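Below is the file protein_15.cif, which contains mmCIF, C-alpha atoms and all ligand atoms.
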data_protein
loop_
_atom_site.label_atom_id
_atom_site.label_comp_id
_atom_site.auth_asym_id
_atom_site.auth_seq_id
_atom_site.Cartn_x
_atom_site.Cartn_y
_atom_site.Cartn_z
CA MET A 1 43.77 -99.50 162.69
CA THR A 2 46.95 -101.13 161.48
CA ASN A 3 49.71 -99.14 159.85
CA ILE A 4 48.85 -100.41 156.39
CA GLU A 5 45.21 -99.45 156.78
CA LYS A 6 46.28 -96.07 158.00
CA ASN A 7 48.55 -95.55 154.99
CA ILE A 8 45.81 -96.55 152.57
CA LYS A 9 43.48 -94.10 154.22
CA ILE A 10 46.05 -91.28 153.97
CA LYS A 11 46.55 -92.07 150.28
CA GLU A 12 42.82 -92.02 149.61
CA THR A 13 42.36 -88.70 151.36
CA TYR A 14 45.31 -87.28 149.42
CA ALA A 15 43.87 -88.42 146.08
CA ALA A 16 40.47 -86.95 146.95
CA THR A 17 42.06 -83.63 147.86
CA MET A 18 44.05 -83.54 144.62
CA LEU A 19 40.90 -84.17 142.60
CA LYS A 20 39.18 -81.32 144.39
CA ARG A 21 42.12 -78.99 143.79
CA THR A 22 41.74 -79.28 140.00
CA SER A 23 38.56 -77.21 140.20
CA GLN A 24 40.08 -74.69 142.59
CA ILE A 25 42.53 -71.84 142.43
CA CYS A 26 45.29 -71.30 144.91
CA ARG A 27 45.82 -67.97 146.58
CA VAL A 28 48.19 -66.84 149.28
CA PHE A 29 47.26 -64.22 151.84
CA THR A 30 50.01 -62.67 153.88
CA CYS A 31 49.14 -61.25 157.29
CA LYS A 32 51.51 -59.16 159.31
CA VAL A 33 51.96 -60.01 162.96
CA GLN A 34 51.40 -56.97 165.16
CA TYR A 35 54.65 -57.10 167.00
CA ASN A 36 53.81 -54.29 169.42
CA HIS A 37 50.80 -56.29 170.65
CA LEU A 38 52.88 -59.33 171.57
CA ASN A 39 53.88 -59.98 175.13
CA LYS A 40 57.42 -60.68 176.22
CA GLN A 41 56.95 -64.44 176.17
CA GLN A 42 55.46 -64.45 172.68
CA ARG A 43 58.30 -62.33 171.33
CA GLN A 44 60.82 -64.69 172.86
CA GLN A 45 59.03 -67.73 171.46
CA LEU A 46 58.83 -66.31 167.95
CA LYS A 47 62.46 -65.29 167.95
CA MET A 48 63.68 -68.61 169.31
CA MET A 49 61.69 -70.64 166.80
CA PHE A 50 63.71 -69.13 163.99
CA VAL A 51 66.96 -69.43 165.92
CA GLU A 52 66.30 -73.09 166.66
CA ALA A 53 65.30 -73.76 163.07
CA LYS A 54 68.61 -72.24 161.96
CA TRP A 55 70.56 -74.36 164.46
CA MET A 56 68.73 -77.44 163.32
CA TYR A 57 69.29 -76.73 159.63
CA ASN A 58 73.01 -76.17 160.09
CA TYR A 59 73.30 -79.21 162.35
CA ILE A 60 71.69 -81.51 159.77
CA LEU A 61 73.78 -79.99 157.01
CA ASN A 62 76.89 -80.66 159.05
CA LEU A 63 75.81 -84.28 159.53
CA SER A 64 75.19 -84.68 155.82
CA GLN A 65 78.76 -83.69 155.01
CA ASP A 66 80.05 -86.74 156.83
CA ASN A 67 79.74 -89.64 154.39
CA ASN A 68 79.12 -92.13 157.19
CA ASN A 69 75.78 -90.53 157.93
CA ASP A 70 72.68 -91.19 155.89
CA ILE A 71 70.63 -88.18 156.85
CA PHE A 72 67.63 -89.41 154.90
CA LYS A 73 67.19 -91.96 157.68
CA LEU A 74 66.92 -89.18 160.26
CA LYS A 75 63.66 -88.67 162.06
CA TYR A 76 62.72 -85.48 163.77
CA THR A 77 62.60 -87.33 167.08
CA ASP A 78 66.37 -87.92 166.75
CA LEU A 79 66.85 -84.19 166.79
CA ASN A 80 65.79 -83.13 170.25
CA ASN A 81 69.36 -82.60 171.34
CA ILE A 82 71.68 -80.97 168.84
CA THR A 83 74.84 -78.89 168.78
CA HIS A 84 75.51 -75.48 167.36
CA LEU A 85 78.38 -73.02 167.28
CA ASP A 86 78.29 -69.93 169.45
CA LYS A 87 79.75 -66.52 168.57
CA ASP A 88 83.30 -67.67 169.22
CA LYS A 89 82.81 -70.90 167.23
CA ASN A 90 82.64 -73.09 170.31
CA ILE A 91 80.41 -76.15 170.10
CA VAL A 92 77.39 -75.84 172.38
CA ASN A 93 74.89 -78.59 173.23
CA VAL A 94 71.25 -77.55 173.26
CA SER A 95 67.91 -79.24 173.48
CA LEU A 96 65.26 -77.81 171.21
CA GLN A 97 62.28 -76.56 173.17
CA TYR A 98 60.55 -73.95 171.03
CA LEU A 99 59.99 -75.82 167.76
CA SER A 100 56.93 -78.07 167.69
CA SER A 101 57.31 -81.57 166.29
CA GLN A 102 55.63 -80.58 163.01
CA MET A 103 57.98 -77.65 162.63
CA LYS A 104 60.99 -79.90 163.17
CA GLN A 105 59.59 -82.23 160.57
CA SER A 106 59.22 -79.37 158.10
CA VAL A 107 62.79 -78.15 158.65
CA LEU A 108 63.92 -81.70 157.96
CA ASP A 109 61.71 -82.00 154.87
CA GLY A 110 63.03 -78.67 153.66
CA ILE A 111 66.64 -79.76 153.72
CA PHE A 112 65.78 -83.11 152.09
CA SER A 113 64.04 -81.40 149.22
CA ASN A 114 66.95 -78.98 148.84
CA ILE A 115 69.39 -81.87 148.56
CA ARG A 116 67.16 -83.75 146.13
CA GLY A 117 66.71 -80.60 144.05
CA LEU A 118 70.45 -80.13 143.77
CA ALA A 119 70.94 -83.78 142.85
CA LYS A 120 68.33 -83.50 140.11
CA ALA A 121 69.94 -80.36 138.73
CA ARG A 122 73.29 -82.12 138.71
CA GLU A 123 71.78 -85.09 136.86
CA ALA A 124 70.41 -82.69 134.29
CA GLY A 125 73.94 -81.52 133.68
CA LEU A 126 73.67 -78.17 135.41
CA LYS A 127 76.58 -76.80 137.33
CA VAL A 128 75.57 -76.78 140.97
CA GLY A 129 77.40 -76.07 144.17
CA LYS A 130 76.52 -77.50 147.54
CA LEU A 131 74.23 -76.26 150.26
CA ASN A 132 75.66 -73.54 152.45
CA PHE A 133 75.31 -73.03 156.15
CA ILE A 134 72.82 -70.29 156.85
CA SER A 135 72.95 -67.28 159.12
CA GLU A 136 69.19 -66.86 159.20
CA TYR A 137 66.20 -69.13 158.83
CA THR A 138 63.40 -67.08 157.32
CA SER A 139 60.38 -69.29 156.72
CA ILE A 140 58.91 -72.04 158.88
CA ASN A 141 56.29 -74.22 157.29
CA LEU A 142 53.05 -74.70 159.23
CA LYS A 143 51.89 -77.85 157.53
CA GLN A 144 48.43 -78.49 158.71
CA ALA A 145 45.57 -76.04 158.98
CA ASN A 146 43.84 -76.10 162.36
CA VAL A 147 46.73 -78.06 163.86
CA SER A 148 49.98 -76.21 163.21
CA TYR A 149 48.02 -73.00 162.94
CA LYS A 150 44.44 -71.97 163.52
CA ILE A 151 42.49 -68.84 162.71
CA ILE A 152 40.74 -67.86 165.94
CA SER A 153 39.04 -64.63 164.98
CA LYS A 154 39.30 -61.86 162.43
CA ASN A 155 42.54 -60.63 163.97
CA ARG A 156 43.89 -63.54 165.95
CA ILE A 157 45.77 -66.60 164.87
CA LYS A 158 47.11 -69.45 166.99
CA ILE A 159 50.49 -70.92 166.14
CA GLN A 160 51.52 -74.31 167.45
CA GLY A 161 54.14 -73.85 170.14
CA ILE A 162 53.10 -70.33 171.08
CA LYS A 163 50.71 -70.26 173.95
CA LYS A 164 48.60 -67.19 173.33
CA PRO A 165 47.17 -66.42 169.88
CA LEU A 166 49.06 -63.78 167.92
CA ARG A 167 47.38 -60.60 166.82
CA VAL A 168 47.66 -60.12 163.03
CA ASN A 169 46.41 -57.76 160.33
CA GLY A 170 44.65 -58.89 157.20
CA LEU A 171 42.75 -62.05 158.11
CA GLU A 172 39.46 -60.51 156.99
CA GLN A 173 40.64 -61.03 153.39
CA ILE A 174 40.26 -64.74 153.97
CA LEU A 175 37.22 -64.68 156.22
CA SER A 176 35.27 -62.57 153.72
CA LEU A 177 35.59 -65.24 151.03
CA SER A 178 32.35 -67.10 150.46
CA ASP A 179 33.94 -70.49 150.28
CA TYR A 180 37.49 -71.55 151.00
CA ASP A 181 39.81 -74.38 152.02
CA LEU A 182 42.80 -73.66 154.19
CA ALA A 183 46.02 -75.40 153.17
CA ASN A 184 49.41 -74.90 154.76
CA ALA A 185 50.79 -71.61 156.03
CA LYS A 186 54.25 -70.18 156.46
CA LEU A 187 55.58 -68.29 159.41
CA ILE A 188 57.95 -65.77 157.92
CA ASN A 189 60.67 -63.63 159.45
CA LYS A 190 61.46 -60.90 156.97
CA TYR A 191 63.57 -57.84 157.67
CA GLY A 192 62.84 -58.21 161.38
CA ASP A 193 59.06 -58.35 160.96
CA TYR A 194 56.93 -61.44 161.30
CA TYR A 195 54.25 -62.56 158.86
CA VAL A 196 51.93 -65.50 158.44
CA ALA A 197 51.38 -66.40 154.79
CA ILE A 198 48.32 -68.60 154.47
CA THR A 199 47.59 -70.69 151.39
CA VAL A 200 43.90 -70.83 150.57
CA TYR A 201 42.03 -72.74 147.87
CA THR A 202 38.87 -71.21 146.49
CA ASN A 203 36.52 -72.44 143.79
CA LYS A 204 37.23 -71.33 140.24
CA GLU A 205 34.89 -68.68 138.96
CA ASN A 206 33.35 -69.51 135.62
CA LYS A 207 34.49 -66.52 133.65
CA ASN A 208 34.23 -66.09 129.93
CA LYS A 209 37.53 -66.07 128.11
CA PRO A 210 38.54 -62.60 126.96
CA THR A 211 38.27 -61.92 123.23
CA GLU A 212 39.88 -58.52 122.87
CA ILE A 213 43.56 -58.59 121.93
CA ILE A 214 46.07 -56.14 123.32
CA GLY A 215 49.80 -55.78 122.69
CA ILE A 216 52.21 -54.81 125.44
CA ASP A 217 55.65 -53.31 125.00
CA LEU A 218 58.05 -53.26 127.91
CA GLY A 219 60.74 -50.64 127.81
CA CYS A 220 63.00 -48.45 129.85
CA GLN A 221 61.81 -45.00 128.91
CA THR A 222 58.23 -45.86 129.69
CA SER A 223 57.82 -49.02 131.74
CA VAL A 224 54.75 -50.31 129.97
CA THR A 225 53.01 -49.27 126.76
CA LEU A 226 49.79 -50.86 125.54
CA SER A 227 48.74 -51.02 121.90
CA ASP A 228 45.68 -48.88 122.64
CA GLY A 229 48.02 -46.04 123.60
CA ARG A 230 47.90 -46.29 127.37
CA LYS A 231 51.23 -45.86 129.10
CA PHE A 232 52.19 -46.78 132.62
CA ASN A 233 55.26 -45.65 134.38
CA CYS A 234 56.76 -46.96 137.54
CA ARG A 235 60.08 -45.63 138.62
CA VAL A 236 60.79 -46.34 142.22
CA GLU A 237 63.91 -44.39 143.01
CA GLU A 238 66.22 -45.44 145.77
CA SER A 239 65.83 -43.14 148.79
CA GLU A 240 68.76 -41.10 150.11
CA TYR A 241 68.61 -43.10 153.32
CA CYS A 242 69.02 -46.36 151.38
CA LYS A 243 71.85 -44.93 149.32
CA ASN A 244 73.66 -43.88 152.47
CA LEU A 245 73.24 -47.30 153.99
CA ARG A 246 74.60 -48.91 150.86
CA ARG A 247 77.67 -46.69 150.99
CA LYS A 248 78.22 -47.53 154.64
CA ILE A 249 77.92 -51.24 153.91
CA SER A 250 80.53 -51.05 151.18
CA ARG A 251 82.96 -49.50 153.66
CA CYS A 252 82.40 -52.18 156.31
CA LYS A 253 84.68 -55.13 156.66
CA LYS A 254 83.26 -58.26 155.06
CA GLY A 255 81.85 -60.73 157.58
CA SER A 256 81.79 -58.20 160.40
CA ASN A 257 78.85 -57.89 162.74
CA ASN A 258 78.38 -54.27 161.79
CA ARG A 259 78.09 -55.11 158.13
CA TYR A 260 75.52 -57.79 158.92
CA ARG A 261 73.51 -55.35 161.03
CA LEU A 262 73.58 -52.65 158.35
CA LYS A 263 72.61 -55.11 155.66
CA LYS A 264 69.58 -56.12 157.68
CA LYS A 265 68.64 -52.47 158.05
CA TYR A 266 69.08 -51.89 154.34
CA ARG A 267 66.88 -54.82 153.39
CA LYS A 268 64.16 -53.56 155.68
CA SER A 269 64.15 -50.01 154.33
CA ASN A 270 64.41 -51.28 150.77
CA ALA A 271 61.39 -53.51 151.33
CA LYS A 272 59.07 -50.55 150.90
CA SER A 273 60.16 -49.86 147.35
CA ILE A 274 59.99 -53.57 146.57
CA ASN A 275 56.41 -53.58 147.83
CA ARG A 276 55.59 -50.64 145.60
CA LYS A 277 56.99 -52.40 142.57
CA ASN A 278 55.02 -55.54 143.36
CA ASP A 279 51.91 -53.49 143.80
CA PHE A 280 52.34 -51.82 140.44
CA ALA A 281 52.85 -55.18 138.73
CA ARG A 282 49.72 -56.59 140.34
CA GLN A 283 47.58 -53.63 139.39
CA LEU A 284 48.72 -53.88 135.81
CA ASN A 285 48.03 -57.59 135.81
CA HIS A 286 44.51 -56.79 136.99
CA ILE A 287 43.95 -54.39 134.08
CA LEU A 288 45.25 -56.95 131.59
CA LYS A 289 43.03 -59.74 132.91
CA ASN A 290 40.28 -58.77 130.49
CA TYR A 291 42.44 -59.14 127.38
CA ILE A 292 44.35 -61.64 125.36
CA VAL A 293 47.80 -60.18 125.90
CA VAL A 294 50.49 -60.39 123.23
CA MET A 295 54.01 -59.73 124.43
CA GLN A 296 57.50 -60.36 123.16
CA ASP A 297 60.13 -62.45 124.81
CA GLU A 298 62.72 -59.74 125.07
CA GLN A 299 65.86 -60.56 126.90
CA LEU A 300 65.84 -58.46 130.00
CA GLN A 301 69.10 -59.90 131.19
CA GLN A 302 70.98 -58.76 128.12
CA TRP A 303 69.42 -55.33 128.33
CA SER A 304 70.62 -54.82 131.82
CA ARG A 305 74.09 -55.92 130.86
CA TYR A 306 74.62 -53.72 127.83
CA ARG A 307 72.39 -50.79 127.42
CA HIS A 308 70.23 -49.62 130.23
CA GLY A 309 71.97 -50.73 133.37
CA LYS A 310 70.41 -49.28 136.43
CA ALA A 311 67.13 -48.23 134.86
CA ILE A 312 66.13 -51.87 134.65
CA GLN A 313 67.37 -52.75 138.08
CA GLN A 314 65.08 -50.17 139.55
CA GLY A 315 62.32 -51.00 137.13
CA ILE A 316 59.77 -53.67 137.43
CA LEU A 317 59.79 -55.24 134.01
CA GLY A 318 60.91 -58.59 135.32
CA ARG A 319 58.04 -58.71 137.77
CA ILE A 320 55.49 -57.83 135.12
CA LYS A 321 56.91 -60.41 132.78
CA SER A 322 56.75 -63.24 135.26
CA LEU A 323 53.20 -62.32 136.30
CA LEU A 324 52.09 -62.20 132.68
CA LYS A 325 53.77 -65.44 131.75
CA ASN A 326 51.71 -67.23 134.38
CA ASN A 327 48.53 -65.89 132.84
CA GLU A 328 46.85 -68.41 130.56
CA ASN A 329 45.68 -65.68 128.18
CA THR A 330 49.18 -64.40 127.46
CA ILE A 331 50.80 -65.07 124.12
CA VAL A 332 54.57 -64.78 124.04
CA LEU A 333 56.11 -64.06 120.67
CA SER A 334 59.71 -64.87 119.85
CA LYS A 335 62.21 -62.07 120.29
CA TRP A 336 63.00 -62.27 116.56
CA PHE A 337 59.79 -60.56 115.50
CA PRO A 338 60.82 -57.10 114.24
CA SER A 339 58.21 -55.28 116.30
CA THR A 340 60.07 -51.97 116.33
CA LYS A 341 61.45 -51.98 112.80
CA LEU A 342 58.56 -53.15 110.67
CA CYS A 343 56.09 -50.75 109.12
CA SER A 344 53.04 -52.96 109.04
CA CYS A 345 51.34 -50.68 106.50
CA CYS A 346 53.80 -51.19 103.68
CA GLY A 347 56.31 -53.77 104.94
CA GLU A 348 59.28 -51.42 104.98
CA LYS A 349 62.04 -52.21 107.43
CA VAL A 350 63.03 -49.03 109.24
CA GLU A 351 66.26 -48.96 111.22
CA MET A 352 65.78 -46.99 114.41
CA LYS A 353 68.28 -45.79 116.96
CA LEU A 354 67.49 -46.21 120.62
CA HIS A 355 67.00 -42.53 121.34
CA GLU A 356 64.55 -42.04 118.48
CA ARG A 357 61.13 -42.00 120.08
CA VAL A 358 58.91 -41.68 117.01
CA PHE A 359 58.56 -44.23 114.26
CA VAL A 360 58.45 -42.65 110.80
CA CYS A 361 58.19 -44.76 107.68
CA PRO A 362 60.16 -43.13 104.86
CA LYS A 363 58.19 -45.06 102.27
CA CYS A 364 54.54 -44.57 103.15
CA GLY A 365 54.88 -41.80 105.72
CA TYR A 366 53.26 -43.68 108.56
CA MET A 367 54.07 -42.05 111.92
CA GLU A 368 53.54 -43.30 115.44
CA ASP A 369 55.05 -43.16 118.91
CA ARG A 370 57.82 -45.74 119.00
CA ASP A 371 56.47 -47.86 121.88
CA ILE A 372 52.83 -47.74 120.82
CA HIS A 373 53.92 -48.74 117.33
CA ALA A 374 55.82 -51.73 118.70
CA ALA A 375 52.87 -52.83 120.82
CA LYS A 376 50.51 -52.49 117.86
CA ASN A 377 52.86 -54.53 115.71
CA MET A 378 52.77 -57.39 118.20
CA VAL A 379 49.00 -57.58 117.79
CA TRP A 380 49.48 -57.34 114.05
CA PHE A 381 51.92 -60.29 114.04
CA TYR A 382 49.54 -62.37 116.09
CA LYS A 383 46.62 -61.63 113.79
CA ASN A 384 48.40 -61.84 110.44
CA ILE A 385 51.07 -64.48 110.78
CA PRO A 386 49.67 -67.98 111.14
CA TYR A 387 50.85 -69.76 114.30
CA ALA A 388 52.91 -66.70 115.23
CA GLU A 389 53.22 -67.85 118.83
CA HIS A 390 54.95 -71.06 117.77
CA ILE A 391 57.51 -69.55 115.43
CA GLN A 392 60.93 -69.37 117.01
CA ASP A 393 63.44 -68.59 114.28
CA PHE A 394 64.06 -65.51 112.22
CA ALA A 395 64.16 -67.26 108.82
CA GLU A 396 60.60 -68.47 109.24
CA ILE A 397 59.41 -65.02 110.27
CA LYS A 398 61.07 -63.55 107.18
CA ASN A 399 59.40 -66.19 104.96
CA GLN A 400 56.01 -65.33 106.38
CA LEU A 401 56.56 -61.59 105.96
CA ASP A 402 57.69 -62.16 102.37
CA VAL A 403 54.33 -63.77 101.68
CA ILE A 404 52.45 -60.78 103.06
CA PHE A 405 54.69 -58.09 101.53
CA PRO A 406 56.20 -59.78 98.47
CA SER A 407 59.83 -58.72 98.09
CA VAL A 408 59.52 -55.67 100.26
CA PHE A 409 60.62 -56.63 103.73
CA LEU A 410 64.36 -57.02 104.22
CA SER A 411 64.90 -56.67 100.52
ZN ZN B 501 55.40 -47.76 105.64
#
Go ahead and render the structure in this file as structure tokens.
Amino acid sequence: MTNIEKNIKIKETYAATMLKRTSQICRVFTCKVQYNHLNKQQRQQLKMMFVEAKWMYNYILNLSQDNNNDIFKLKYTDLNNITHLDKDKNIVNVSLQYLSSQMKQSVLDGIFSNIRGLAKAREAGLKVGKLNFISEYTSINLKQANVSYKIISKNRIKIQGIKKPLRVNGLEQILSLSDYDLANAKLINKYGDYYVAITVYTNKENKNKPTEIIGIDLGCQTSVTLSDGRKFNCRVEESEYCKNLRRKISRCKKGSNNRYRLKKKYRKSNAKSINRKNDFARQLNHILKNYIVVMQDEQLQQWSRYRHGKAIQQGILGRIKSLLKNNENTIVLSKWFPSTKLCSCCGEKVEMKLHERVFVCPKCGYMEDRDIHAAKNMVWFYKNIPYAEHIQDFAEIKNQLDVIFPSVFLS
């Protein structure tokens, strides 16, 4: 086969795959490598892959800073022998022996796409810096299923470049699916543990669209309140151990080895609470799957700056928001809707202070828990104001409310 024929064939296969993907959903399964079951050689190989990837990344970055080099012309085969700096900043020549050719290619692709991304952002007028040298490479792309990686059994996976298969937890999640396509995977080094995150495509289930509407209010006192009165709280407090570590880090000299070591330790022990937050967000997302969800685009960033500080940092509102926003049945209302202030019975605007937890309408006497009231109002806006989800400015909202409650609201 000539090169041209080969290229045409690759293009055709790619197009066919893309067509297939439109009827599929993408899921990622992360499996933890059982480090204590690895032999000495495997541990060394895993470790060195990430070290070599880091060397390679920094080496290419260094080349790119010299204007005489066009790094986009680089091929991974040019990168068998590279240089890196040792502890004392001396230049050392090394030949890469742990990274497979596909891994080298993916490190190269990664840095290309980073540079292109920055260039695009700059074109769009954003203020961008330049790429920095890295002290850790954390994710190696395993491009091709059954080549760069291969699932051997329900707890073994083979990685290109590592002789014996690795023992992992969690593969049965994939193997128990009735029908799936393996896409790429990522070998991840996170807080000193190793994971393989496998991307899988499965066929879309033909589910009926939900019809029931539910409002959701995100707040600091209670994390999540639904318009049907359910409340969910997730406060993951920082452990004493973590607090201590943080104090120690702040006392360490910047850039010192000790600080680096402590930071690594901190990230690892903090990972548990991060996992708990993620878990909470996912469970909530699962509950909300059966509803059309109405939420408000509140500005979390401003909250954290002015009013609630740490409560938000430790909270999970951001996670919930981003999960919900990806859901096709979520309706996001503009932040200008007066969901807390409006009495939707009589149209009265009730000013409320932050600490007041119960909504009481002085005009008609309507009373309700503050958060539940806000969540109910979101549903009310969606049902009663035409095209509510498309309205962005306050004047228009006021006009619409004036129609429903003539000369009451904001009068
Ligand atoms: Zn009222």
Contacts with ligand ZN 501 (chain B) at most 10 Å, only C-alpha atoms and all ligand atoms counted, listed as a ChimeraX atom specification: /A:342-350,359-367
Spatial neighbours of region 369-383 of chain A, max dist 9 Å, only C-alpha atoms, sep filter under 5 positions, as JSON, numbers by chain: {"A": [213, 214, 215, 216, 217, 218, 219, 222, 224, 225, 226, 227, 228, 229, 230, 231, 293, 294, 295, 296, 331, 333, 337, 338, 339, 340, 341, 342, 343, 344, 356, 357, 358, 359, 360, 388, 389]}
Based on the selection just made, write C-alpha atoms of those residues as a PDB file, in the coordinates of the input.
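Below is the file part_35.pdb, written as the result:
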ATOM      1  CA  ILE A 213      43.560 -58.590 121.930  1.00  0.00           C
ATOM      2  CA  ILE A 214      46.070 -56.140 123.320  1.00  0.00           C
ATOM      3  CA  GLY A 215      49.800 -55.780 122.690  1.00  0.00           C
ATOM      4  CA  ILE A 216      52.210 -54.810 125.440  1.00  0.00           C
ATOM      5  CA  ASP A 217      55.650 -53.310 125.000  1.00  0.00           C
ATOM      6  CA  LEU A 218      58.050 -53.260 127.910  1.00  0.00           C
ATOM      7  CA  GLY A 219      60.740 -50.640 127.810  1.00  0.00           C
ATOM      8  CA  THR A 222      58.230 -45.860 129.690  1.00  0.00           C
ATOM      9  CA  VAL A 224      54.750 -50.310 129.970  1.00  0.00           C
ATOM     10  CA  THR A 225      53.010 -49.270 126.760  1.00  0.00           C
ATOM     11  CA  LEU A 226      49.790 -50.860 125.540  1.00  0.00           C
ATOM     12  CA  SER A 227      48.740 -51.020 121.900  1.00  0.00           C
ATOM     13  CA  ASP A 228      45.680 -48.880 122.640  1.00  0.00           C
ATOM     14  CA  GLY A 229      48.020 -46.040 123.600  1.00  0.00           C
ATOM     15  CA  ARG A 230      47.900 -46.290 127.370  1.00  0.00           C
ATOM     16  CA  LYS A 231      51.230 -45.860 129.100  1.00  0.00           C
ATOM     17  CA  VAL A 293      47.800 -60.180 125.900  1.00  0.00           C
ATOM     18  CA  VAL A 294      50.490 -60.390 123.230  1.00  0.00           C
ATOM     19  CA  MET A 295      54.010 -59.730 124.430  1.00  0.00           C
ATOM     20  CA  GLN A 296      57.500 -60.360 123.160  1.00  0.00           C
ATOM     21  CA  ILE A 331      50.800 -65.070 124.120  1.00  0.00           C
ATOM     22  CA  LEU A 333      56.110 -64.060 120.670  1.00  0.00           C
ATOM     23  CA  PHE A 337      59.790 -60.560 115.500  1.00  0.00           C
ATOM     24  CA  PRO A 338      60.820 -57.100 114.240  1.00  0.00           C
ATOM     25  CA  SER A 339      58.210 -55.280 116.300  1.00  0.00           C
ATOM     26  CA  THR A 340      60.070 -51.970 116.330  1.00  0.00           C
ATOM     27  CA  LYS A 341      61.450 -51.980 112.800  1.00  0.00           C
ATOM     28  CA  LEU A 342      58.560 -53.150 110.670  1.00  0.00           C
ATOM     29  CA  CYS A 343      56.090 -50.750 109.120  1.00  0.00           C
ATOM     30  CA  SER A 344      53.040 -52.960 109.040  1.00  0.00           C
ATOM     31  CA  GLU A 356      64.550 -42.040 118.480  1.00  0.00           C
ATOM     32  CA  ARG A 357      61.130 -42.000 120.080  1.00  0.00           C
ATOM     33  CA  VAL A 358      58.910 -41.680 117.010  1.00  0.00           C
ATOM     34  CA  PHE A 359      58.560 -44.230 114.260  1.00  0.00           C
ATOM     35  CA  VAL A 360      58.450 -42.650 110.800  1.00  0.00           C
ATOM     36  CA  ALA A 388      52.910 -66.700 115.230  1.00  0.00           C
ATOM     37  CA  GLU A 389      53.220 -67.850 118.830  1.00  0.00           C
TER      38      GLU A 389
END
Given the choices A:Leu245, A:Ala53, A:Leu46, A:Leu317, which gets closest to Arg261 (chain A) if the distance is worked out from only C-alpha atoms? A:Leu245
Sel. within 12 Å of pt (76.0, -85.5, 143.9), counting all atoms listed in the file, output as a ChimeraX atom specification: /A:64-65,67,115-131
Using 10 Å as the limit and counting only C-alpha atoms, can you tabulate each residue of region 139-194 of chain A that touches region 18-27 of chain A, with its shortest atom-to-atom distance in Å and the two atoms involved, as a Markdown table?
| residue | atom | partner | partner_atom | distance |
| --- | --- | --- | --- | --- |
| A:Ile174 | CA | A:Arg27 | CA | 9.8 |
| A:Tyr180 | CA | A:Gln24 | CA | 9.3 |
| A:Asp181 | CA | A:Gln24 | CA | 9.4 |
| A:Leu182 | CA | A:Cys26 | CA | 9.9 |
| A:Ala183 | CA | A:Cys26 | CA | 9.3 |
Residue selection dump (C-alpha atoms) as a tab-separated table (two decimals), in the frame of the given file:
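What follows is the written file selection-v3.tsv:
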chain	number	residue	atom	x	y	z
A	174	ILE	CA	40.26	-64.74	153.97
A	180	TYR	CA	37.49	-71.55	151.00
A	181	ASP	CA	39.81	-74.38	152.02
A	182	LEU	CA	42.80	-73.66	154.19
A	183	ALA	CA	46.02	-75.40	153.17
How close does region 251-339 of chain A get to region 132-156 of chain A? List, as a tab-separated table, each residue of region 251-339 of chain A within 12 Å, its nearest atom pair and the distance in Å to one decimal, counting only C-alpha atoms.
residue	atom	partner	partner_atom	distance
A:Gly255	CA	A:Ser135	CA	11.2
A:Asn257	CA	A:Ser135	CA	11.7
A:Tyr260	CA	A:Ser135	CA	9.8
A:Lys264	CA	A:Glu136	CA	10.9
Do you have the CA of Asn39 (chain A)-CA of Met103 (chain A) distance handy?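 Separation of CA of Asn39 (chain A) and CA of Met103 (chain A): 22.0 Å.
Picture a line from CA of Leu79 (chain A) to CA of Pro165 (chain A); it runs 26.7 Å.
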Using only C-alpha atoms, can you list as a PyMOL selection string the residues within 8 Å of (49.2, -68.3, 155.9)? chain A and resi 28-31+184-187+196-200
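Computed from the coordinates, the CA of Lys47 (chain A) to CA of Ser101 (chain A) distance equals 17.2 Å.
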Selection: 8 Å around region 272-274 of chain A, all atoms listed in the file, excl. self and same-chain fewer than 4 positions, as number ranges by chain: A: 236-238, 268, 278
I'd like the neighbourhood of Lys163 (chain A) as a PyMOL selection string, where a residue qualifies if any of its atoms comes within 9 Å (using all atoms listed in the file), though same-chain residues fewer than 5 positions away should be ignored. chain A and resi 41-42+158
